[in-house]
$ cat query-v6.cif   # mmCIF, C-alpha atoms
data_entry
loop_
_atom_site.label_atom_id
_atom_site.label_comp_id
_atom_site.auth_asym_id
_atom_site.auth_seq_id
_atom_site.Cartn_x
_atom_site.Cartn_y
_atom_site.Cartn_z
CA MET A 1 113.68 89.75 125.14
CA GLN A 2 115.50 90.92 122.03
CA GLY A 3 118.75 90.92 123.97
CA ALA A 4 118.14 87.26 124.73
CA ASN A 5 117.56 86.62 121.03
CA HIS A 6 120.86 88.13 120.00
CA SER A 7 122.88 86.59 122.83
CA ALA A 8 121.47 83.10 122.31
CA VAL A 9 121.38 82.94 118.52
CA THR A 10 123.28 85.39 116.32
CA GLU A 11 122.93 83.46 113.08
CA PHE A 12 120.97 80.63 111.50
CA ILE A 13 122.11 77.83 109.20
CA PHE A 14 120.03 76.64 106.25
CA ILE A 15 120.03 72.85 105.83
CA GLY A 16 117.14 72.59 103.35
CA PHE A 17 119.28 71.23 100.52
CA SER A 18 121.62 69.18 102.72
CA THR A 19 119.73 65.99 101.88
CA PHE A 20 120.44 66.50 98.14
CA PRO A 21 124.26 66.77 98.11
CA ARG A 22 124.67 65.27 94.64
CA LEU A 23 121.86 67.30 93.10
CA GLN A 24 122.86 70.76 94.28
CA LEU A 25 124.73 71.69 91.09
CA MET A 26 121.80 70.50 88.98
CA PHE A 27 119.39 72.45 91.22
CA PHE A 28 121.57 75.54 90.84
CA LEU A 29 121.53 75.43 87.04
CA LEU A 30 117.80 74.65 86.90
CA PHE A 31 116.78 77.35 89.38
CA LEU A 32 119.12 79.89 87.77
CA LEU A 33 117.52 79.34 84.37
CA MET A 34 114.03 79.53 85.89
CA TYR A 35 114.94 82.70 87.80
CA LEU A 36 116.38 84.39 84.70
CA PHE A 37 113.30 83.39 82.72
CA THR A 38 111.07 84.80 85.47
CA LEU A 39 112.95 88.11 85.44
CA LEU A 40 113.02 88.38 81.64
CA GLY A 41 109.37 87.36 81.31
CA ASN A 42 108.14 89.94 83.81
CA LEU A 43 110.42 92.65 82.41
CA LEU A 44 109.13 91.90 78.91
CA ILE A 45 105.53 92.18 80.11
CA MET A 46 106.31 95.51 81.82
CA ALA A 47 108.18 96.88 78.78
CA THR A 48 105.37 95.86 76.43
CA ILE A 49 102.71 97.54 78.58
CA TRP A 50 104.75 100.71 79.00
CA SER A 51 105.58 101.02 75.28
CA GLU A 52 102.12 100.24 73.87
CA ARG A 53 99.53 102.96 74.46
CA SER A 54 96.64 100.60 73.72
CA LEU A 55 97.60 98.67 76.86
CA HIS A 56 97.46 101.73 79.12
CA THR A 57 94.29 100.46 80.81
CA PRO A 58 93.56 99.52 84.45
CA MET A 59 93.81 95.79 83.75
CA TYR A 60 97.33 96.09 82.36
CA LEU A 61 98.35 98.64 85.00
CA PHE A 62 97.53 96.00 87.62
CA LEU A 63 99.37 93.34 85.59
CA CYS A 64 102.44 95.59 85.38
CA THR A 65 102.34 96.13 89.15
CA LEU A 66 101.91 92.39 89.65
CA SER A 67 105.08 91.80 87.63
CA ILE A 68 106.96 94.29 89.81
CA SER A 69 105.84 92.53 93.00
CA GLU A 70 106.85 89.18 91.53
CA ILE A 71 110.32 90.40 90.59
CA LEU A 72 110.84 91.81 94.10
CA TYR A 73 109.51 88.63 95.72
CA THR A 74 111.94 86.40 93.83
CA LEU A 75 114.76 88.89 94.46
CA ALA A 76 114.22 88.49 98.21
CA ILE A 77 114.62 84.71 98.08
CA ILE A 78 116.20 83.15 95.00
CA PRO A 79 119.63 84.90 94.76
CA ARG A 80 120.39 83.87 98.34
CA MET A 81 119.19 80.33 97.61
CA LEU A 82 121.39 80.11 94.52
CA SER A 83 124.47 81.26 96.44
CA ASP A 84 123.80 78.63 99.13
CA LEU A 85 123.63 75.89 96.51
CA LEU A 86 127.21 76.69 95.45
CA SER A 87 128.56 77.43 98.92
CA THR A 88 129.51 75.22 101.84
CA HIS A 89 128.76 78.07 104.25
CA HIS A 90 124.96 78.28 104.60
CA SER A 91 124.67 80.65 107.54
CA ILE A 92 122.57 83.81 107.60
CA SER A 93 122.68 86.51 110.26
CA PHE A 94 119.77 87.18 112.60
CA LEU A 95 119.13 90.58 110.96
CA ALA A 96 119.42 89.26 107.40
CA CYS A 97 116.98 86.45 108.23
CA SER A 98 114.42 88.89 109.61
CA CYS A 99 114.82 91.14 106.55
CA GLN A 100 114.34 88.20 104.20
CA MET A 101 111.16 87.19 106.01
CA PHE A 102 109.82 90.75 105.97
CA PHE A 103 110.39 91.31 102.27
CA SER A 104 109.21 87.85 101.18
CA PHE A 105 105.96 88.20 103.14
CA THR A 106 105.47 91.82 102.06
CA PHE A 107 105.84 91.11 98.35
CA GLY A 108 104.07 87.75 98.60
CA PHE A 109 100.95 89.20 100.19
CA THR A 110 101.08 92.26 97.92
CA HIS A 111 100.89 89.74 95.08
CA SER A 112 97.77 88.18 96.62
CA PHE A 113 96.10 91.57 97.14
CA LEU A 114 96.86 92.60 93.55
CA LEU A 115 95.30 89.38 92.24
CA THR A 116 92.19 90.28 94.25
CA VAL A 117 92.17 93.79 92.75
CA MET A 118 92.48 92.29 89.26
CA GLY A 119 89.45 90.10 89.97
CA TYR A 120 87.48 93.18 91.04
CA ASP A 121 88.59 94.97 87.86
CA ARG A 122 87.21 92.13 85.71
CA TYR A 123 83.96 92.19 87.70
CA VAL A 124 83.49 95.92 87.10
CA ALA A 125 84.42 95.63 83.40
CA ILE A 126 81.92 92.84 82.73
CA CYS A 127 79.12 93.47 85.23
CA GLN A 128 79.26 97.28 85.53
CA PRO A 129 80.59 98.45 82.14
CA LEU A 130 78.76 101.80 82.23
CA HIS A 131 80.41 102.68 85.54
CA TYR A 132 83.85 101.30 84.65
CA ASN A 133 85.50 104.63 83.82
CA VAL A 134 84.26 106.10 87.10
CA LEU A 135 85.10 103.17 89.37
CA MET A 136 88.40 102.49 87.62
CA SER A 137 89.55 106.08 87.22
CA PRO A 138 93.30 106.78 87.41
CA HIS A 139 92.85 107.95 91.01
CA GLY A 140 90.83 104.85 91.89
CA CYS A 141 93.39 102.51 90.33
CA ALA A 142 96.26 104.28 92.11
CA CYS A 143 94.44 103.87 95.43
CA LEU A 144 93.84 100.15 94.83
CA VAL A 145 97.51 99.60 93.96
CA ALA A 146 98.70 101.68 96.90
CA TRP A 147 96.46 99.84 99.37
CA SER A 148 97.74 96.52 98.02
CA TRP A 149 101.32 97.55 98.79
CA VAL A 150 100.29 98.95 102.19
CA GLY A 151 98.46 95.72 103.01
CA GLY A 152 101.47 93.64 102.00
CA SER A 153 103.77 95.81 104.13
CA ILE A 154 101.46 95.44 107.14
CA MET A 155 101.40 91.67 106.76
CA GLY A 156 105.19 91.54 106.46
CA THR A 157 105.62 93.74 109.53
CA VAL A 158 103.13 91.80 111.66
CA VAL A 159 104.54 88.36 110.83
CA THR A 160 108.21 89.36 111.11
CA THR A 161 107.72 91.25 114.38
CA ALA A 162 105.80 88.37 115.93
CA ILE A 163 108.39 85.74 114.95
CA PHE A 164 111.56 87.67 115.76
CA ASN A 165 110.33 88.81 119.17
CA LEU A 166 110.48 85.16 120.22
CA THR A 167 113.50 83.74 122.02
CA PHE A 168 115.71 81.38 120.00
CA CYS A 169 117.73 79.19 122.33
CA GLY A 170 119.25 76.83 119.81
CA PRO A 171 119.91 74.76 117.83
CA ASN A 172 120.14 77.26 115.00
CA GLU A 173 119.63 74.95 111.98
CA ILE A 174 116.68 76.00 109.80
CA HIS A 175 115.09 73.00 108.08
CA HIS A 176 114.48 75.03 104.94
CA PHE A 177 116.31 77.13 102.36
CA VAL A 178 114.58 80.38 103.34
CA CYS A 179 113.62 82.12 106.59
CA HIS A 180 110.06 80.87 106.80
CA VAL A 181 107.66 80.86 109.73
CA THR A 182 107.28 77.14 110.47
CA PRO A 183 110.99 76.15 110.62
CA LEU A 184 111.79 79.21 112.74
CA LEU A 185 109.00 78.41 115.18
CA GLN A 186 110.58 75.00 115.63
CA LEU A 187 113.75 76.73 116.88
CA ALA A 188 111.99 79.08 119.29
CA CYS A 189 111.57 78.46 123.01
CA GLY A 190 109.35 79.99 125.65
CA THR A 191 105.80 79.82 126.88
CA ASN A 192 104.40 82.06 124.15
CA VAL A 193 105.60 80.09 121.12
CA LEU A 194 102.32 78.21 120.67
CA LEU A 195 100.30 81.42 121.00
CA VAL A 196 102.45 83.21 118.41
CA ALA A 197 102.26 80.20 116.06
CA LYS A 198 98.47 80.16 116.23
CA GLY A 199 98.25 83.95 115.85
CA VAL A 200 100.55 84.13 112.84
CA GLY A 201 98.84 81.15 111.22
CA LEU A 202 95.41 82.71 111.77
CA VAL A 203 96.49 86.06 110.30
CA CYS A 204 98.13 84.52 107.20
CA ILE A 205 95.36 82.03 106.47
CA SER A 206 92.66 84.67 107.04
CA ALA A 207 94.34 87.10 104.63
CA LEU A 208 94.85 84.47 101.92
CA LEU A 209 91.40 82.97 102.37
CA GLY A 210 89.79 86.42 102.39
CA CYS A 211 91.50 87.34 99.10
CA PHE A 212 90.54 84.01 97.56
CA LEU A 213 86.89 84.34 98.59
CA LEU A 214 86.71 87.89 97.19
CA ILE A 215 88.08 86.60 93.87
CA LEU A 216 85.53 83.77 93.88
CA LEU A 217 82.79 86.29 94.63
CA SER A 218 83.90 88.45 91.69
CA TYR A 219 83.75 85.50 89.33
CA ALA A 220 80.43 84.36 90.76
CA PHE A 221 78.96 87.75 89.83
CA ILE A 222 80.62 87.54 86.40
CA VAL A 223 79.12 84.10 85.69
CA THR A 224 75.70 85.26 86.92
CA SER A 225 75.88 88.33 84.69
CA LEU A 226 76.99 86.33 81.63
CA TRP A 227 74.17 83.87 82.15
CA TRP A 228 71.79 86.45 80.69
CA PHE A 229 73.71 86.89 77.42
CA PRO A 230 71.66 85.53 74.49
CA SER A 231 74.73 84.18 72.66
CA GLY A 232 78.16 82.82 73.37
CA GLU A 233 79.82 86.10 72.40
CA GLY A 234 79.79 87.42 75.96
CA TRP A 235 81.19 84.17 77.31
CA HIS A 236 83.99 84.14 74.74
CA LYS A 237 84.97 87.76 75.42
CA ALA A 238 84.91 87.25 79.18
CA PHE A 239 86.91 84.05 78.94
CA SER A 240 89.56 85.69 76.76
CA THR A 241 90.12 88.46 79.33
CA CYS A 242 89.72 86.39 82.51
CA ALA A 243 91.42 83.10 81.60
CA SER A 244 94.99 84.19 82.36
CA HIS A 245 94.04 85.81 85.67
CA LEU A 246 91.97 82.83 86.77
CA THR A 247 94.75 80.39 85.86
CA VAL A 248 97.33 82.35 87.85
CA VAL A 249 94.92 82.51 90.81
CA ILE A 250 94.51 78.72 90.75
CA VAL A 251 98.28 78.17 90.59
CA HIS A 252 99.03 80.82 93.23
CA TYR A 253 96.48 79.65 95.78
CA GLY A 254 96.93 76.00 94.96
CA PHE A 255 100.60 76.07 95.92
CA ALA A 256 99.94 78.48 98.83
CA SER A 257 97.43 76.02 100.30
CA VAL A 258 100.12 73.34 100.22
CA ILE A 259 102.35 75.57 102.36
CA TYR A 260 99.81 76.98 104.82
CA LEU A 261 97.17 74.27 105.04
CA LYS A 262 99.31 71.14 105.11
CA THR A 263 98.46 68.73 107.89
CA LYS A 264 100.50 68.76 111.06
CA GLY A 265 102.68 65.81 111.81
CA PRO A 266 106.12 64.45 110.97
CA GLN A 267 107.36 65.97 107.74
CA SER A 268 110.58 64.94 106.01
CA LEU A 269 113.18 67.58 105.26
CA GLU A 270 113.07 66.54 101.60
CA GLY A 271 109.29 67.00 101.48
CA ASP A 272 109.40 70.46 103.11
CA THR A 273 112.15 71.58 100.74
CA LEU A 274 110.33 70.38 97.62
CA MET A 275 107.06 72.00 98.75
CA GLY A 276 108.92 75.25 99.37
CA ILE A 277 110.37 75.14 95.85
CA THR A 278 106.89 74.98 94.30
CA TYR A 279 105.86 78.28 95.87
CA THR A 280 109.13 80.23 95.78
CA VAL A 281 110.47 79.15 92.37
CA LEU A 282 107.80 77.39 90.31
CA THR A 283 104.86 79.77 90.86
CA PRO A 284 106.77 82.95 89.85
CA PHE A 285 108.19 81.02 86.88
CA LEU A 286 104.73 80.03 85.61
CA SER A 287 103.03 83.39 86.08
CA PRO A 288 104.60 85.34 83.14
CA ILE A 289 104.17 82.28 80.91
CA ILE A 290 100.46 82.09 81.69
CA PHE A 291 99.84 85.81 81.18
CA SER A 292 101.84 85.83 77.95
CA LEU A 293 100.14 82.79 76.42
CA ARG A 294 96.58 83.08 77.77
CA ASN A 295 96.09 86.81 77.20
CA LYS A 296 95.55 87.22 73.46
CA GLU A 297 95.94 91.01 73.36
CA LEU A 298 99.17 90.96 75.36
CA LYS A 299 100.55 88.04 73.33
CA THR A 300 99.80 89.83 70.04
CA THR A 301 101.37 93.08 71.24
CA MET A 302 104.47 91.32 72.55
CA LYS A 303 104.92 89.52 69.24
CA LYS A 304 104.49 92.79 67.35
CA THR A 305 106.99 94.57 69.61
CA LEU A 306 109.60 91.82 69.26
CA LEU A 307 109.24 91.71 65.49
CA SER A 308 109.60 95.48 65.27
CA LYS A 309 112.87 95.26 67.22
CA LEU A 310 114.26 92.29 65.27
CA TYR A 311 113.06 93.32 61.79
CA PRO A 312 112.45 97.08 61.87
CA GLU A 313 112.56 97.36 58.05
CA LYS A 314 109.52 95.05 57.71
CA ILE A 315 107.29 96.97 60.13
#
$ encode --input "query-v6.cif" --output "structure tokens"
Amino acid sequence: MQGANHSAVTEFIFIGFSTFPRLQLMFFLLFLLMYLFTLLGNLLIMATIWSERSLHTPMYLFLCTLSISEILYTLAIIPRMLSDLLSTHHSISFLACSCQMFFSFTFGFTHSFLLTVMGYDRYVAICQPLHYNVLMSPHGCACLVAWSWVGGSIMGTVVTTAIFNLTFCGPNEIHHFVCHVTPLLQLACGTNVLLVAKGVGLVCISALLGCFLLILLSYAFIVTSLWWFPSGEGWHKAFSTCASHLTVVIVHYGFASVIYLKTKGPQSLEGDTLMGITYTVLTPFLSPIIFSLRNKELKTTMKKTLLSKLYPEKI
């Protein structure tokens, strides 16, 4: 089967941006700036957490790991996309395409699992404060982070193996700017394509929906617990620590639902490309902004760190 793959199709050609010939330079400059901002924002968050001992807590450990997964996710997709916007040669080898799919799904689902872990951390901190140090011990946090990466790797392996064990008979034009499941399934041939499509869709949607429901369950318990506070102090404290996480969850799953739950039927190449941009470029761009602006403690520490570097004599 794999021999048939390599003999029939040895490379793919991205045509996602082919319908925007006059906008490609503008797209390149815009996406480059957004990518650099995403990298700098996440690196700044990581540097702030590492340098400030007061932020050496489970919540910020998970946030630091989330930034790492986001940097790796964008690294798997955006540099290649930027080079294609400037190039007239948009081909990608069979092996490179499979690697891109593996790493994008691995880091993407690791991101989802880490958001779920962060929701559980907020649940324990607010609803089980007396047991927080036990449940969120260094060993416990390391296990949660490790299992998030393992889960992401399993998802990447399952999806990539299922897709690239199909036979691709041609044509080899991918109606996208990245090696994604749906456009590759459209190029596959054989009797098992429909079965693989349903299986991969079921696995991806189940994983995303499971994570989302666990996050909702965590916040349901948080709201129930806060309901018994006699004043608004508990609500204010909970909101200040949960707002950034909840906002990122809404953005993350909102755009993911557009990709995975969109209705079947004729889709324009322009529409598929623009929807892909929201999840691969816009979501990672917004995440560090949300965490920096909505998390008061992190925002204060980042401001203090920057001022100490710019004006050391005043600190």
$ resolve_selection --input "query-v6.cif" --expression "the PyMOL selection byres ((chain A and resi 190) around 12)" --output "ChimeraX atom specification"
/A:1,4-5,165-170,185-189,191-197
$ closest_residue --input "query-v6.cif" --among "A:Leu32, A:Met118, A:Leu130, A:Ile163" --to "A:Cys97" --atoms "only C-alpha atoms"
A:Ile163
$ closest_residue --input "query-v6.cif" --among "A:Ser51, A:Asn172, A:Thr280, A:Ser292" --to "A:Ala243" --atoms "all atoms listed in the file"
A:Ser292
$ residues_around --input "query-v6.cif" --residues "A:His90" --least-positions-apart "2" --cutoff "6 Å" --atoms "all atoms listed in the file" --output "list in words"
Ile13, Phe14 and Asp84 of chain A
$ atom_distance --input "query-v6.cif" --atom1 "atom CA of A:Leu72" --atom2 "atom CA of A:Thr161"
20.5 Å
$ residues_around --input "query-v6.cif" --residues "A:Ile277" --least-positions-apart "4" --cutoff "12 Å" --atoms "all atoms listed in the file" --output "tab-separated table (two decimals) with C-alpha atoms, keeping the file's coordinate frame"
chain	number	residue	atom	x	y	z
A	16	GLY	CA	117.14	72.59	103.35
A	17	PHE	CA	119.28	71.23	100.52
A	27	PHE	CA	119.39	72.45	91.22
A	30	LEU	CA	117.80	74.65	86.90
A	31	PHE	CA	116.78	77.35	89.38
A	34	MET	CA	114.03	79.53	85.89
A	35	TYR	CA	114.94	82.70	87.80
A	74	THR	CA	111.94	86.40	93.83
A	77	ILE	CA	114.62	84.71	98.08
A	78	ILE	CA	116.20	83.15	95.00
A	81	MET	CA	119.19	80.33	97.61
A	176	HIS	CA	114.48	75.03	104.94
A	177	PHE	CA	116.31	77.13	102.36
A	178	VAL	CA	114.58	80.38	103.34
A	255	PHE	CA	100.60	76.07	95.92
A	256	ALA	CA	99.94	78.48	98.83
A	258	VAL	CA	100.12	73.34	100.22
A	259	ILE	CA	102.35	75.57	102.36
A	270	GLU	CA	113.07	66.54	101.60
A	271	GLY	CA	109.29	67.00	101.48
A	272	ASP	CA	109.40	70.46	103.11
A	273	THR	CA	112.15	71.58	100.74
A	281	VAL	CA	110.47	79.15	92.37
A	282	LEU	CA	107.80	77.39	90.31
A	283	THR	CA	104.86	79.77	90.86
A	284	PRO	CA	106.77	82.95	89.85
A	285	PHE	CA	108.19	81.02	86.88
$ resolve_selection --input "query-v6.cif" --expression "the PyMOL selection byres ((chain A and resi 106) around 9)" --output "number ranges by chain"
A: 73, 101-105, 107-111, 149-157
$ write_last_selection --input "query-v6.cif" --atoms "C-alpha atoms" --output "compact mmCIF listing (two decimals), in the coordinates of the input"
# COMPACT_ATOMS: atom_id res chain seq x y z
CA TYR A 73 109.51 88.63 95.72
CA MET A 101 111.16 87.19 106.01
CA PHE A 102 109.82 90.75 105.97
CA PHE A 103 110.39 91.31 102.27
CA SER A 104 109.21 87.85 101.18
CA PHE A 105 105.96 88.20 103.14
CA PHE A 107 105.84 91.11 98.35
CA GLY A 108 104.07 87.75 98.60
CA PHE A 109 100.95 89.20 100.19
CA THR A 110 101.08 92.26 97.92
CA HIS A 111 100.89 89.74 95.08
CA TRP A 149 101.32 97.55 98.79
CA VAL A 150 100.29 98.95 102.19
CA GLY A 151 98.46 95.72 103.01
CA GLY A 152 101.47 93.64 102.00
CA SER A 153 103.77 95.81 104.13
CA ILE A 154 101.46 95.44 107.14
CA MET A 155 101.40 91.67 106.76
CA GLY A 156 105.19 91.54 106.46
CA THR A 157 105.62 93.74 109.53
$ atom_distance --input "query-v6.cif" --atom1 "atom CA of A:Leu209" --atom2 "atom CA of A:Val117"
14.5 Å
$ residues_near_point --input "query-v6.cif" --point "(98.8, 82.7, 81.1)" --cutoff "12 Å" --atoms "all atoms listed in the file" --output "PyMOL selection string"
chain A and resi 41+45+63+240-251+283-299
$ atom_distance --input "query-v6.cif" --atom1 "atom CA of A:Thr301" --atom2 "atom CA of A:Glu52"
7.7 Å
$ resolve_selection --input "query-v6.cif" --expression "the PyMOL selection byres ((chain A and resi 205) around 12)" --output "PyMOL selection string"
chain A and resi 109+112+155+159+197-204+206-213+253+256-262
$ closest_residue --input "query-v6.cif" --among "A:Leu216, A:Leu144, A:Ile174, A:Leu36" --to "A:Leu82" --atoms "all atoms listed in the file"
A:Leu36
$ closest_atom_pairs --input "query-v6.cif" --of "stretch 55-82 of chain A" --to "stretch 131-136 of chain A" --cutoff "12 Å" --atoms "all atoms listed in the file" --output "CSV"
residue,atom,partner,partner_atom,distance
A:Thr57,CA,A:Met136,CA,9.2
A:Pro58,CA,A:Met136,CA,6.7
A:Met59,CA,A:Met136,CA,9.4
A:Leu61,CA,A:Met136,CA,11.0
A:Phe62,CA,A:Met136,CA,11.2
$ decode --input "query-v6.cif" --residues "stretch 213-223 of chain A" --atoms "all heavy atoms" --output "compact mmCIF listing (two decimals), in the first residue's frame"
# COMPACT_ATOMS: atom_id res chain seq x y z
N LEU A 213 -15.92 19.48 27.25
CA LEU A 213 -16.90 19.13 28.28
C LEU A 213 -16.25 19.06 29.66
O LEU A 213 -16.88 19.45 30.66
CB LEU A 213 -17.56 17.78 27.94
CG LEU A 213 -18.50 17.80 26.73
CD1 LEU A 213 -19.02 16.41 26.43
CD2 LEU A 213 -19.66 18.77 26.96
N LEU A 214 -15.02 18.58 29.74
CA LEU A 214 -14.31 18.55 31.03
C LEU A 214 -14.05 19.97 31.54
O LEU A 214 -14.16 20.23 32.75
CB LEU A 214 -12.99 17.80 30.89
CG LEU A 214 -13.10 16.28 30.76
CD1 LEU A 214 -11.72 15.67 30.48
CD2 LEU A 214 -13.68 15.67 32.04
N ILE A 215 -13.72 20.89 30.63
CA ILE A 215 -13.54 22.29 31.02
C ILE A 215 -14.85 22.88 31.51
O ILE A 215 -14.90 23.57 32.54
CB ILE A 215 -12.96 23.11 29.85
CG1 ILE A 215 -11.55 22.64 29.51
CG2 ILE A 215 -12.95 24.60 30.19
CD1 ILE A 215 -10.98 23.26 28.25
N LEU A 216 -15.94 22.61 30.78
CA LEU A 216 -17.26 23.10 31.21
C LEU A 216 -17.63 22.52 32.57
O LEU A 216 -18.20 23.23 33.42
CB LEU A 216 -18.32 22.72 30.17
CG LEU A 216 -18.33 23.49 28.86
CD1 LEU A 216 -19.48 23.00 27.98
CD2 LEU A 216 -18.45 24.99 29.11
N LEU A 217 -17.31 21.25 32.79
CA LEU A 217 -17.61 20.63 34.08
C LEU A 217 -16.83 21.29 35.20
O LEU A 217 -17.38 21.53 36.30
CB LEU A 217 -17.28 19.13 34.00
CG LEU A 217 -17.68 18.28 35.21
CD1 LEU A 217 -19.20 18.29 35.38
CD2 LEU A 217 -17.18 16.84 35.03
N SER A 218 -15.56 21.61 34.94
CA SER A 218 -14.74 22.30 35.95
C SER A 218 -15.36 23.63 36.33
O SER A 218 -15.48 23.98 37.52
CB SER A 218 -13.32 22.51 35.42
OG SER A 218 -12.66 21.29 35.20
N TYR A 219 -15.79 24.40 35.32
CA TYR A 219 -16.37 25.70 35.60
C TYR A 219 -17.77 25.60 36.19
O TYR A 219 -18.20 26.49 36.93
CB TYR A 219 -16.37 26.56 34.33
CG TYR A 219 -15.03 27.21 34.09
CD1 TYR A 219 -14.14 26.70 33.15
CD2 TYR A 219 -14.63 28.32 34.83
CE1 TYR A 219 -12.89 27.28 32.95
CE2 TYR A 219 -13.40 28.91 34.63
CZ TYR A 219 -12.53 28.38 33.69
OH TYR A 219 -11.29 28.95 33.50
N ALA A 220 -18.47 24.52 35.89
CA ALA A 220 -19.77 24.31 36.53
C ALA A 220 -19.60 24.10 38.03
O ALA A 220 -20.35 24.66 38.84
CB ALA A 220 -20.47 23.10 35.90
N PHE A 221 -18.59 23.32 38.41
CA PHE A 221 -18.29 23.12 39.83
C PHE A 221 -17.82 24.42 40.48
O PHE A 221 -18.15 24.70 41.64
CB PHE A 221 -17.24 22.03 40.01
CG PHE A 221 -17.76 20.63 39.89
CD1 PHE A 221 -17.28 19.77 38.93
CD2 PHE A 221 -18.76 20.17 40.76
CE1 PHE A 221 -17.77 18.48 38.82
CE2 PHE A 221 -19.25 18.88 40.66
CZ PHE A 221 -18.75 18.03 39.68
N ILE A 222 -17.04 25.21 39.74
CA ILE A 222 -16.56 26.49 40.27
C ILE A 222 -17.73 27.43 40.55
O ILE A 222 -17.82 28.04 41.62
CB ILE A 222 -15.56 27.12 39.29
CG1 ILE A 222 -14.25 26.33 39.28
CG2 ILE A 222 -15.29 28.58 39.66
CD1 ILE A 222 -13.26 26.79 38.22
N VAL A 223 -18.64 27.56 39.59
CA VAL A 223 -19.80 28.43 39.77
C VAL A 223 -20.67 27.95 40.92
O VAL A 223 -21.16 28.75 41.74
CB VAL A 223 -20.62 28.50 38.45
CG1 VAL A 223 -21.95 29.22 38.69
CG2 VAL A 223 -19.82 29.20 37.36
